[in-house]
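Printed here is start-v6.pdb (PDB, C-alpha atoms, pLDDT in the B column):
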MODEL        1
ATOM      1  CA  GLY Q 203     -52.850 -26.779  81.552  1.00 57.00           C
ATOM      2  CA  GLU Q 204     -49.563 -24.895  81.527  1.00 71.00           C
ATOM      3  CA  VAL Q 205     -48.183 -26.797  78.531  1.00 78.00           C
ATOM      4  CA  HIS Q 206     -51.066 -26.405  76.074  1.00 85.00           C
ATOM      5  CA  PRO Q 207     -50.176 -24.898  72.634  1.00 85.00           C
ATOM      6  CA  GLU Q 208     -52.605 -22.008  73.324  1.00 89.00           C
ATOM      7  CA  VAL Q 209     -50.531 -21.060  76.386  1.00 92.00           C
ATOM      8  CA  ALA Q 210     -47.512 -20.814  74.053  1.00 93.00           C
ATOM      9  CA  VAL Q 211     -49.530 -18.481  71.800  1.00 93.00           C
ATOM     10  CA  SER Q 212     -50.275 -16.274  74.828  1.00 94.00           C
ATOM     11  CA  TYR Q 213     -46.609 -16.126  75.855  1.00 95.00           C
ATOM     12  CA  ASN Q 214     -45.742 -15.338  72.254  1.00 94.00           C
ATOM     13  CA  ASN Q 215     -48.260 -12.483  72.116  1.00 95.00           C
ATOM     14  CA  ILE Q 216     -47.043 -11.059  75.434  1.00 96.00           C
ATOM     15  CA  GLY Q 217     -43.486 -11.262  74.081  1.00 96.00           C
ATOM     16  CA  SER Q 218     -44.534  -9.304  71.000  1.00 95.00           C
ATOM     17  CA  VAL Q 219     -46.054  -6.559  73.157  1.00 96.00           C
ATOM     18  CA  TYR Q 220     -42.856  -6.238  75.199  1.00 96.00           C
ATOM     19  CA  PHE Q 221     -40.806  -6.254  71.981  1.00 95.00           C
ATOM     20  CA  SER Q 222     -42.889  -3.421  70.487  1.00 93.00           C
ATOM     21  CA  LYS Q 223     -42.240  -1.399  73.664  1.00 94.00           C
ATOM     22  CA  GLY Q 224     -38.487  -2.027  73.354  1.00 93.00           C
ATOM     23  CA  ASN Q 225     -38.382  -4.178  76.518  1.00 96.00           C
ATOM     24  CA  TYR Q 226     -36.193  -6.914  75.026  1.00 96.00           C
ATOM     25  CA  GLU Q 227     -35.456  -8.795  78.259  1.00 96.00           C
ATOM     26  CA  ARG Q 228     -39.143  -9.362  79.100  1.00 97.00           C
ATOM     27  CA  ALA Q 229     -39.861 -10.172  75.433  1.00 96.00           C
ATOM     28  CA  LEU Q 230     -37.048 -12.732  75.527  1.00 96.00           C
ATOM     29  CA  GLU Q 231     -38.470 -14.387  78.662  1.00 96.00           C
ATOM     30  CA  ASN Q 232     -41.905 -14.786  77.089  1.00 96.00           C
ATOM     31  CA  TYR Q 233     -40.634 -15.936  73.689  1.00 97.00           C
ATOM     32  CA  GLN Q 234     -38.433 -18.498  75.476  1.00 96.00           C
ATOM     33  CA  MET Q 235     -41.451 -19.788  77.475  1.00 96.00           C
ATOM     34  CA  ALA Q 236     -43.415 -20.121  74.228  1.00 95.00           C
ATOM     35  CA  LEU Q 237     -40.510 -22.042  72.644  1.00 96.00           C
ATOM     36  CA  ASP Q 238     -40.172 -24.406  75.629  1.00 95.00           C
ATOM     37  CA  ILE Q 239     -43.886 -25.284  75.539  1.00 95.00           C
ATOM     38  CA  ARG Q 240     -43.913 -25.737  71.761  1.00 95.00           C
ATOM     39  CA  LYS Q 241     -40.915 -28.086  71.846  1.00 95.00           C
ATOM     40  CA  GLN Q 242     -42.511 -30.093  74.656  1.00 95.00           C
ATOM     41  CA  VAL Q 243     -45.949 -30.364  73.034  1.00 94.00           C
ATOM     42  CA  LEU Q 244     -45.190 -30.280  69.293  1.00 93.00           C
ATOM     43  CA  GLY Q 245     -41.675 -31.700  69.099  1.00 94.00           C
ATOM     44  CA  ASP Q 246     -38.472 -30.053  67.852  1.00 95.00           C
ATOM     45  CA  ALA Q 247     -39.347 -29.979  64.148  1.00 95.00           C
ATOM     46  CA  HIS Q 248     -42.755 -28.230  64.120  1.00 95.00           C
ATOM     47  CA  PRO Q 249     -43.199 -24.967  62.126  1.00 94.00           C
ATOM     48  CA  ASP Q 250     -44.437 -23.220  65.318  1.00 94.00           C
ATOM     49  CA  VAL Q 251     -41.046 -23.984  66.887  1.00 96.00           C
ATOM     50  CA  ALA Q 252     -39.469 -22.273  63.858  1.00 96.00           C
ATOM     51  CA  THR Q 253     -41.682 -19.227  64.530  1.00 95.00           C
ATOM     52  CA  SER Q 254     -40.326 -19.111  68.096  1.00 96.00           C
ATOM     53  CA  TYR Q 255     -36.745 -19.339  66.804  1.00 97.00           C
ATOM     54  CA  ASN Q 256     -37.482 -16.475  64.384  1.00 96.00           C
ATOM     55  CA  ASN Q 257     -38.779 -14.366  67.281  1.00 96.00           C
ATOM     56  CA  LEU Q 258     -35.690 -15.082  69.386  1.00 97.00           C
ATOM     57  CA  GLY Q 259     -33.510 -14.207  66.397  1.00 97.00           C
ATOM     58  CA  MET Q 260     -35.371 -10.899  66.083  1.00 96.00           C
ATOM     59  CA  ILE Q 261     -34.668 -10.082  69.755  1.00 97.00           C
ATOM     60  CA  TYR Q 262     -30.954 -10.845  69.513  1.00 97.00           C
ATOM     61  CA  ARG Q 263     -30.720  -8.871  66.247  1.00 97.00           C
ATOM     62  CA  SER Q 264     -32.335  -5.890  67.990  1.00 95.00           C
ATOM     63  CA  LYS Q 265     -29.888  -6.269  70.900  1.00 95.00           C
ATOM     64  CA  GLY Q 266     -26.973  -6.298  68.436  1.00 96.00           C
ATOM     65  CA  ASP Q 267     -25.988  -9.900  69.202  1.00 97.00           C
ATOM     66  CA  TYR Q 268     -25.703 -10.933  65.548  1.00 98.00           C
ATOM     67  CA  PRO Q 269     -24.003 -14.357  65.951  1.00 97.00           C
ATOM     68  CA  LEU Q 270     -26.768 -15.531  68.303  1.00 97.00           C
ATOM     69  CA  ALA Q 271     -29.457 -13.999  66.063  1.00 97.00           C
ATOM     70  CA  LEU Q 272     -28.042 -15.920  63.071  1.00 98.00           C
ATOM     71  CA  GLU Q 273     -27.979 -19.136  65.090  1.00 98.00           C
ATOM     72  CA  TYR Q 274     -31.732 -18.862  65.783  1.00 97.00           C
ATOM     73  CA  ASP Q 275     -32.512 -17.615  62.247  1.00 96.00           C
ATOM     74  CA  HIS Q 276     -30.779 -20.670  60.745  1.00 97.00           C
ATOM     75  CA  LYS Q 277     -32.550 -23.058  63.145  1.00 97.00           C
ATOM     76  CA  ALA Q 278     -35.875 -21.597  61.976  1.00 97.00           C
ATOM     77  CA  LEU Q 279     -34.864 -21.898  58.310  1.00 97.00           C
ATOM     78  CA  TYR Q 280     -33.812 -25.551  58.704  1.00 97.00           C
ATOM     79  CA  ILE Q 281     -37.107 -26.560  60.366  1.00 97.00           C
ATOM     80  CA  GLN Q 282     -39.179 -24.752  57.740  1.00 96.00           C
ATOM     81  CA  GLN Q 283     -37.281 -26.322  54.859  1.00 97.00           C
ATOM     82  CA  GLN Q 284     -37.737 -29.798  56.385  1.00 96.00           C
ATOM     83  CA  ALA Q 285     -41.393 -29.337  57.357  1.00 95.00           C
ATOM     84  CA  LEU Q 286     -42.704 -27.136  54.526  1.00 95.00           C
ATOM     85  CA  GLY Q 287     -40.288 -27.529  51.613  1.00 96.00           C
ATOM     86  CA  ASP Q 288     -37.832 -25.094  50.026  1.00 96.00           C
ATOM     87  CA  THR Q 289     -40.449 -23.039  48.170  1.00 96.00           C
ATOM     88  CA  HIS Q 290     -42.839 -22.219  51.030  1.00 96.00           C
ATOM     89  CA  PRO Q 291     -43.352 -18.486  51.811  1.00 95.00           C
ATOM     90  CA  SER Q 292     -42.285 -19.134  55.448  1.00 94.00           C
ATOM     91  CA  VAL Q 293     -38.864 -20.123  54.104  1.00 96.00           C
ATOM     92  CA  ALA Q 294     -38.737 -16.730  52.371  1.00 96.00           C
ATOM     93  CA  THR Q 295     -39.487 -15.085  55.741  1.00 95.00           C
ATOM     94  CA  SER Q 296     -36.518 -16.892  57.298  1.00 96.00           C
ATOM     95  CA  TYR Q 297     -34.233 -15.835  54.442  1.00 97.00           C
ATOM     96  CA  THR Q 298     -35.436 -12.254  54.972  1.00 97.00           C
ATOM     97  CA  ASN Q 299     -34.644 -12.479  58.702  1.00 96.00           C
ATOM     98  CA  ILE Q 300     -31.160 -13.854  58.003  1.00 98.00           C
ATOM     99  CA  GLY Q 301     -30.695 -11.039  55.468  1.00 98.00           C
ATOM    100  CA  MET Q 302     -31.725  -8.449  58.072  1.00 97.00           C
ATOM    101  CA  THR Q 303     -29.171  -9.819  60.534  1.00 97.00           C
ATOM    102  CA  HIS Q 304     -26.387  -9.761  57.933  1.00 97.00           C
ATOM    103  CA  ARG Q 305     -27.382  -6.229  56.905  1.00 97.00           C
ATOM    104  CA  ALA Q 306     -27.344  -5.004  60.504  1.00 96.00           C
ATOM    105  CA  ASP Q 307     -23.894  -6.568  60.879  1.00 96.00           C
ATOM    106  CA  GLY Q 308     -22.607  -4.828  57.719  1.00 96.00           C
ATOM    107  CA  ALA Q 309     -22.292  -8.097  55.740  1.00 97.00           C
ATOM    108  CA  TYR Q 310     -24.031  -6.627  52.699  1.00 98.00           C
ATOM    109  CA  ASP Q 311     -23.231  -9.312  50.130  1.00 97.00           C
ATOM    110  CA  GLN Q 312     -24.617 -12.077  52.368  1.00 98.00           C
ATOM    111  CA  ALA Q 313     -27.681  -9.910  53.074  1.00 98.00           C
ATOM    112  CA  LEU Q 314     -28.230  -9.411  49.351  1.00 98.00           C
ATOM    113  CA  GLU Q 315     -27.989 -13.139  48.663  1.00 98.00           C
ATOM    114  CA  CYS Q 316     -30.636 -13.884  51.332  1.00 98.00           C
ATOM    115  CA  TYR Q 317     -33.012 -11.152  50.178  1.00 98.00           C
ATOM    116  CA  GLN Q 318     -32.763 -12.378  46.588  1.00 97.00           C
ATOM    117  CA  LYS Q 319     -33.527 -15.959  47.667  1.00 98.00           C
ATOM    118  CA  ALA Q 320     -36.578 -14.644  49.552  1.00 97.00           C
ATOM    119  CA  LEU Q 321     -37.713 -12.651  46.510  1.00 98.00           C
ATOM    120  CA  HIS Q 322     -37.373 -15.687  44.228  1.00 97.00           C
ATOM    121  CA  ILE Q 323     -39.595 -17.809  46.518  1.00 97.00           C
ATOM    122  CA  GLN Q 324     -42.148 -15.001  46.948  1.00 97.00           C
ATOM    123  CA  LYS Q 325     -42.493 -14.403  43.211  1.00 97.00           C
ATOM    124  CA  ALA Q 326     -43.026 -18.116  42.592  1.00 97.00           C
ATOM    125  CA  ALA Q 327     -45.674 -18.240  45.345  1.00 96.00           C
ATOM    126  CA  TRP Q 328     -47.532 -14.968  44.795  1.00 95.00           C
ATOM    127  CA  GLY Q 329     -46.716 -13.471  41.390  1.00 94.00           C
ATOM    128  CA  ASP Q 330     -45.126 -10.067  40.850  1.00 94.00           C
ATOM    129  CA  THR Q 331     -47.379  -7.665  42.755  1.00 93.00           C
ATOM    130  CA  HIS Q 332     -47.730  -8.893  46.351  1.00 94.00           C
ATOM    131  CA  PRO Q 333     -47.038  -6.465  49.276  1.00 93.00           C
ATOM    132  CA  ASN Q 334     -44.227  -8.736  50.544  1.00 95.00           C
ATOM    133  CA  ILE Q 335     -42.511  -8.520  47.160  1.00 96.00           C
ATOM    134  CA  ALA Q 336     -42.487  -4.732  47.568  1.00 96.00           C
ATOM    135  CA  ILE Q 337     -40.844  -5.268  50.989  1.00 96.00           C
ATOM    136  CA  SER Q 338     -38.199  -7.504  49.395  1.00 97.00           C
ATOM    137  CA  TYR Q 339     -37.480  -4.935  46.672  1.00 98.00           C
ATOM    138  CA  ASN Q 340     -37.205  -2.341  49.418  1.00 97.00           C
ATOM    139  CA  ASN Q 341     -34.790  -4.533  51.409  1.00 97.00           C
ATOM    140  CA  ILE Q 342     -32.607  -5.134  48.349  1.00 98.00           C
ATOM    141  CA  GLY Q 343     -32.660  -1.403  47.565  1.00 98.00           C
ATOM    142  CA  THR Q 344     -31.498  -0.609  51.089  1.00 97.00           C
ATOM    143  CA  VAL Q 345     -28.506  -2.949  50.798  1.00 98.00           C
ATOM    144  CA  PHE Q 346     -27.461  -1.261  47.544  1.00 98.00           C
ATOM    145  CA  TYR Q 347     -27.931   2.108  49.272  1.00 97.00           C
ATOM    146  CA  TYR Q 348     -25.536   1.040  52.040  1.00 96.00           C
ATOM    147  CA  LYS Q 349     -23.111  -0.236  49.385  1.00 96.00           C
ATOM    148  CA  GLN Q 350     -23.399   3.255  47.792  1.00 97.00           C
ATOM    149  CA  ASP Q 351     -24.677   1.741  44.518  1.00 97.00           C
ATOM    150  CA  TYR Q 352     -27.274   4.483  44.325  1.00 98.00           C
ATOM    151  CA  ASP Q 353     -28.584   3.891  40.799  1.00 97.00           C
ATOM    152  CA  ILE Q 354     -29.312   0.208  41.471  1.00 98.00           C
ATOM    153  CA  ALA Q 355     -30.844   1.104  44.856  1.00 98.00           C
ATOM    154  CA  LEU Q 356     -33.110   3.620  43.109  1.00 98.00           C
ATOM    155  CA  GLU Q 357     -34.251   0.976  40.634  1.00 98.00           C
ATOM    156  CA  TYR Q 358     -35.343  -1.357  43.460  1.00 98.00           C
ATOM    157  CA  TYR Q 359     -36.974   1.401  45.511  1.00 98.00           C
ATOM    158  CA  GLN Q 360     -38.975   2.434  42.445  1.00 97.00           C
ATOM    159  CA  LYS Q 361     -40.106  -1.153  41.872  1.00 97.00           C
ATOM    160  CA  ALA Q 362     -41.304  -1.266  45.500  1.00 97.00           C
ATOM    161  CA  LEU Q 363     -43.136   2.050  45.045  1.00 97.00           C
ATOM    162  CA  GLN Q 364     -44.798   0.866  41.835  1.00 96.00           C
ATOM    163  CA  ILE Q 365     -46.223  -2.257  43.534  1.00 96.00           C
ATOM    164  CA  ARG Q 366     -47.356  -0.294  46.585  1.00 95.00           C
ATOM    165  CA  ARG Q 367     -49.183   2.290  44.496  1.00 95.00           C
ATOM    166  CA  LEU Q 368     -50.829  -0.473  42.491  1.00 96.00           C
ATOM    167  CA  ILE Q 369     -52.137  -2.477  45.439  1.00 95.00           C
ATOM    168  CA  LEU Q 370     -52.352   0.000  48.325  1.00 93.00           C
ATOM    169  CA  GLY Q 371     -53.383   3.229  46.581  1.00 91.00           C
ATOM    170  CA  ASP Q 372     -51.626   6.586  46.815  1.00 90.00           C
ATOM    171  CA  SER Q 373     -52.051   7.381  50.507  1.00 90.00           C
ATOM    172  CA  HIS Q 374     -50.908   4.264  52.405  1.00 92.00           C
ATOM    173  CA  PRO Q 375     -48.119   4.681  55.026  1.00 92.00           C
ATOM    174  CA  ASP Q 376     -45.913   2.192  53.105  1.00 93.00           C
ATOM    175  CA  LEU Q 377     -45.775   4.722  50.255  1.00 95.00           C
ATOM    176  CA  SER Q 378     -44.261   7.303  52.575  1.00 95.00           C
ATOM    177  CA  THR Q 379     -41.461   4.800  53.305  1.00 95.00           C
ATOM    178  CA  SER Q 380     -40.860   4.400  49.573  1.00 96.00           C
ATOM    179  CA  TYR Q 381     -40.847   8.151  48.884  1.00 97.00           C
ATOM    180  CA  ASN Q 382     -38.559   8.743  51.867  1.00 97.00           C
ATOM    181  CA  ASN Q 383     -36.126   6.070  50.629  1.00 97.00           C
ATOM    182  CA  ILE Q 384     -36.118   7.468  47.089  1.00 98.00           C
ATOM    183  CA  GLY Q 385     -35.553  10.924  48.571  1.00 98.00           C
ATOM    184  CA  ALA Q 386     -32.539   9.579  50.484  1.00 97.00           C
ATOM    185  CA  ILE Q 387     -31.051   8.279  47.208  1.00 98.00           C
ATOM    186  CA  TYR Q 388     -31.392  11.661  45.470  1.00 98.00           C
ATOM    187  CA  ASP Q 389     -30.015  13.283  48.603  1.00 97.00           C
ATOM    188  CA  ALA Q 390     -26.939  11.017  48.524  1.00 96.00           C
ATOM    189  CA  LYS Q 391     -26.477  11.768  44.810  1.00 96.00           C
ATOM    190  CA  GLY Q 392     -26.561  15.510  45.579  1.00 95.00           C
ATOM    191  CA  ASP Q 393     -29.847  16.091  43.703  1.00 96.00           C
ATOM    192  CA  TYR Q 394     -31.427  18.013  46.576  1.00 96.00           C
ATOM    193  CA  HIS Q 395     -34.441  19.392  44.687  1.00 96.00           C
ATOM    194  CA  LYS Q 396     -35.599  15.914  43.656  1.00 97.00           C
ATOM    195  CA  ALA Q 397     -34.894  14.668  47.193  1.00 97.00           C
ATOM    196  CA  LEU Q 398     -37.039  17.443  48.662  1.00 97.00           C
ATOM    197  CA  LYS Q 399     -39.907  16.642  46.298  1.00 97.00           C
ATOM    198  CA  CYS Q 400     -39.878  12.988  47.454  1.00 97.00           C
ATOM    199  CA  TYR Q 401     -39.559  13.886  51.139  1.00 97.00           C
ATOM    200  CA  ARG Q 402     -42.552  16.238  50.826  1.00 97.00           C
ATOM    201  CA  LYS Q 403     -44.671  13.484  49.249  1.00 96.00           C
ATOM    202  CA  ALA Q 404     -43.659  11.204  52.127  1.00 96.00           C
ATOM    203  CA  LEU Q 405     -44.521  13.901  54.674  1.00 96.00           C
ATOM    204  CA  ASP Q 406     -47.971  14.571  53.162  1.00 96.00           C
ATOM    205  CA  ILE Q 407     -48.848  10.871  53.394  1.00 96.00           C
ATOM    206  CA  CYS Q 408     -47.561  10.645  56.980  1.00 95.00           C
ATOM    207  CA  ILE Q 409     -49.575  13.671  58.097  1.00 95.00           C
ATOM    208  CA  GLN Q 410     -52.719  12.195  56.486  1.00 94.00           C
ATOM    209  CA  THR Q 411     -52.270   8.693  57.883  1.00 93.00           C
ATOM    210  CA  ILE Q 412     -50.341   8.774  61.172  1.00 92.00           C
ATOM    211  CA  GLY Q 413     -50.427  12.452  62.141  1.00 93.00           C
ATOM    212  CA  LYS Q 414     -47.886  15.257  62.688  1.00 93.00           C
ATOM    213  CA  ALA Q 415     -46.759  14.089  66.125  1.00 94.00           C
ATOM    214  CA  HIS Q 416     -45.697  10.584  65.073  1.00 93.00           C
ATOM    215  CA  ALA Q 417     -41.949   9.818  65.251  1.00 92.00           C
ATOM    216  CA  GLU Q 418     -41.880   8.763  61.567  1.00 93.00           C
ATOM    217  CA  THR Q 419     -43.464  12.084  60.507  1.00 95.00           C
ATOM    218  CA  GLN Q 420     -40.917  13.977  62.616  1.00 95.00           C
ATOM    219  CA  LYS Q 421     -38.075  12.011  61.012  1.00 95.00           C
ATOM    220  CA  ILE Q 422     -39.247  12.963  57.509  1.00 96.00           C
ATOM    221  CA  GLN Q 423     -39.738  16.593  58.559  1.00 96.00           C
ATOM    222  CA  ASN Q 424     -36.151  16.519  59.780  1.00 96.00           C
ATOM    223  CA  ASN Q 425     -35.000  15.208  56.369  1.00 96.00           C
ATOM    224  CA  ILE Q 426     -36.842  18.109  54.726  1.00 96.00           C
ATOM    225  CA  ASP Q 427     -35.225  20.666  57.046  1.00 96.00           C
ATOM    226  CA  ILE Q 428     -31.715  19.284  56.441  1.00 96.00           C
ATOM    227  CA  THR Q 429     -32.175  19.076  52.658  1.00 96.00           C
ATOM    228  CA  SER Q 430     -33.656  22.599  52.511  1.00 95.00           C
ATOM    229  CA  GLN Q 431     -30.574  23.813  54.360  1.00 94.00           C
ATOM    230  CA  LYS Q 432     -28.328  22.038  51.836  1.00 94.00           C
ATOM    231  CA  ILE Q 433     -30.144  23.837  48.991  1.00 93.00           C
ATOM    232  CA  LYS Q 434     -29.650  27.178  50.755  1.00 92.00           C
ATOM    233  CA  ASN Q 435     -25.968  26.436  51.359  1.00 92.00           C
ATOM    234  CA  SER Q 436     -25.416  25.479  47.723  1.00 88.00           C
ATOM    235  CA  LYS Q 437     -26.742  28.904  46.647  1.00 83.00           C
ATOM    236  CA  LYS Q 438     -24.293  30.825  48.844  1.00 73.00           C
TER     237      LYS Q 438
ENDMDL
END
Show me the file's structure as C-alpha cells.
Amino acid sequence: GEVHPEVAVSYNNIGSVYFSKGNYERALENYQMALDIRKQVLGDAHPDVATSYNNLGMIYRSKGDYPLALEYDHKALYIQQQALGDTHPSVATSYTNIGMTHRADGAYDQALECYQKALHIQKAAWGDTHPNIAISYNNIGTVFYYKQDYDIALEYYQKALQIRRLILGDSHPDLSTSYNNIGAIYDAKGDYHKALKCYRKALDICIQTIGKAHAETQKIQNNIDITSQKIKNSKK
C-alpha cells in the first residue's frame, strides 16, 4: 500500500537523487512524502522520522534558509536523544548537521560547540581512528579557518589527514580534501611554496581517482594556478 515504510524509503531515495542533482524543490517534495508516511506508520518519535527531519534540514540549509534548517535539525536531535540516548552515533550526526547550519550562517562559535559534541560522542563510540572522526576534525579545522585561527585549523586538518592515511591509504579521494585544506591554510598564511606542495599532492590523488575532468580536480588545479601566480608576483 501507499503508506508502507518501504514506500517511505523509496521516496527518500528519490529525494536523495534529486538533491544530488541540485533540484531542491523536487527533493523537498519526496523527503516530505517520506516524512508523512513515517509519521503515520511509525509515530512521531521513531528514529526514521528523525532521519527525514535531518534530510529536510539539509535541503533548507542548501537553500540558505538557516532558521528552518535549524528547526528540522533540532527536531531530529530531540527524537534521537529520546529514542537512542545521548551517546548514540546518530546523535553525533545531528550535532554535525546543526554545526553545518551554524557554520553556513557564520555562527562559528555555535558551530564549533556542535562539532566538538559530535566528536566527543564519536570517540566514545568508535575510538580515535574512525573515518567519521576524521570528518569531525576536518569540520572543526574549517571553522577555525573561517575564524582565521590558522595554526589551530592546521592542527585539526593534520589530525584528519593522519587518520585518513592510516585507514584509507595514500590515494583515497578524502586525502585530496585534506591536502587541499592544508594547502589553503599555508596559502592564507602567505607560505605559498608549502601551499603549492599540498595542492599538487591533492591534484595527483584527484587525477588518479576521479579524473582530470572532474569539478573537484578543476578546483584544485585552479588553486595551483592562483598560488603559482602569487609566487611569481612575489618575485617581481
For the file shown, what are the residues hit by the PyMOL selection byres ((chain Q and resi 302-316) around 8), laid out as a compact mmCIF listing (two decimals) with C-alpha atoms, in the coordinates of the input?
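Output file part.txt follows:
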# COMPACT_ATOMS: atom_id res chain seq x y z
CA ARG Q 263 -30.72 -8.87 66.25
CA TYR Q 268 -25.70 -10.93 65.55
CA ALA Q 271 -29.46 -14.00 66.06
CA LEU Q 272 -28.04 -15.92 63.07
CA TYR Q 297 -34.23 -15.84 54.44
CA THR Q 298 -35.44 -12.25 54.97
CA ASN Q 299 -34.64 -12.48 58.70
CA ILE Q 300 -31.16 -13.85 58.00
CA GLY Q 301 -30.70 -11.04 55.47
CA TYR Q 317 -33.01 -11.15 50.18
CA GLN Q 318 -32.76 -12.38 46.59
CA LYS Q 319 -33.53 -15.96 47.67
CA ALA Q 320 -36.58 -14.64 49.55
CA ILE Q 342 -32.61 -5.13 48.35
CA VAL Q 345 -28.51 -2.95 50.80
CA TYR Q 348 -25.54 1.04 52.04
CA LYS Q 349 -23.11 -0.24 49.38
(message) Taking the file as I've supplied it (selection: the PyMOL selection byres ((chain Q and resi 322) around 12)), which residues are included? Please answer as a PyMOL selection string.
(response) chain Q and resi 288-291+293-295+297-298+315-321+323-330+334-335+338-339
(message) Can you measure CA of Ile281 (chain Q) to CA of Met260 (chain Q) for me? One decimal in Å is fine.
(response)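 Calculated distance between CA of Ile281 (chain Q) and CA of Met260 (chain Q) is 16.8 Å.
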(request) Please provide the set of residues having any atom within 6 Å of Ala404 (chain Q), restricted to all atoms listed in the file, with same-chain residues fewer than 6 positions apart removed, written as number ranges by chain. (result) Q: 378, 381-382
I'd like to see the residues matched by the PyMOL selection byres ((chain Q and resi 355) around 8) on this file, and ideally I'd get them as a PDB file with C-alpha atoms, in the frame of the given file.
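Generated file (result.pdb):
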ATOM      1  CA  ILE Q 342     -32.607  -5.134  48.349  1.00 98.00           C
ATOM      2  CA  GLY Q 343     -32.660  -1.403  47.565  1.00 98.00           C
ATOM      3  CA  THR Q 344     -31.498  -0.609  51.089  1.00 97.00           C
ATOM      4  CA  VAL Q 345     -28.506  -2.949  50.798  1.00 98.00           C
ATOM      5  CA  PHE Q 346     -27.461  -1.261  47.544  1.00 98.00           C
ATOM      6  CA  TYR Q 347     -27.931   2.108  49.272  1.00 97.00           C
ATOM      7  CA  ASP Q 351     -24.677   1.741  44.518  1.00 97.00           C
ATOM      8  CA  TYR Q 352     -27.274   4.483  44.325  1.00 98.00           C
ATOM      9  CA  ASP Q 353     -28.584   3.891  40.799  1.00 97.00           C
ATOM     10  CA  ILE Q 354     -29.312   0.208  41.471  1.00 98.00           C
ATOM     11  CA  LEU Q 356     -33.110   3.620  43.109  1.00 98.00           C
ATOM     12  CA  GLU Q 357     -34.251   0.976  40.634  1.00 98.00           C
ATOM     13  CA  TYR Q 358     -35.343  -1.357  43.460  1.00 98.00           C
ATOM     14  CA  TYR Q 359     -36.974   1.401  45.511  1.00 98.00           C
ATOM     15  CA  ILE Q 387     -31.051   8.279  47.208  1.00 98.00           C
TER      16      ILE Q 387
END
(message) Using Å and a single decimal, report how far CA of Val205 (chain Q) sits from CA of Gln284 (chain Q).
(response)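 Interatomic distance here is 24.7 Å.
Taking CA of Asn257 (chain Q) and CA of Lys223 (chain Q) as the two end points, the separation is 14.9 Å.
The closest residue to Thr429 (chain Q), picked from Q:Gln282, Q:Gly392, Q:Leu377, Q:Ile409 and counting all atoms listed in the file, is Q:Gly392.
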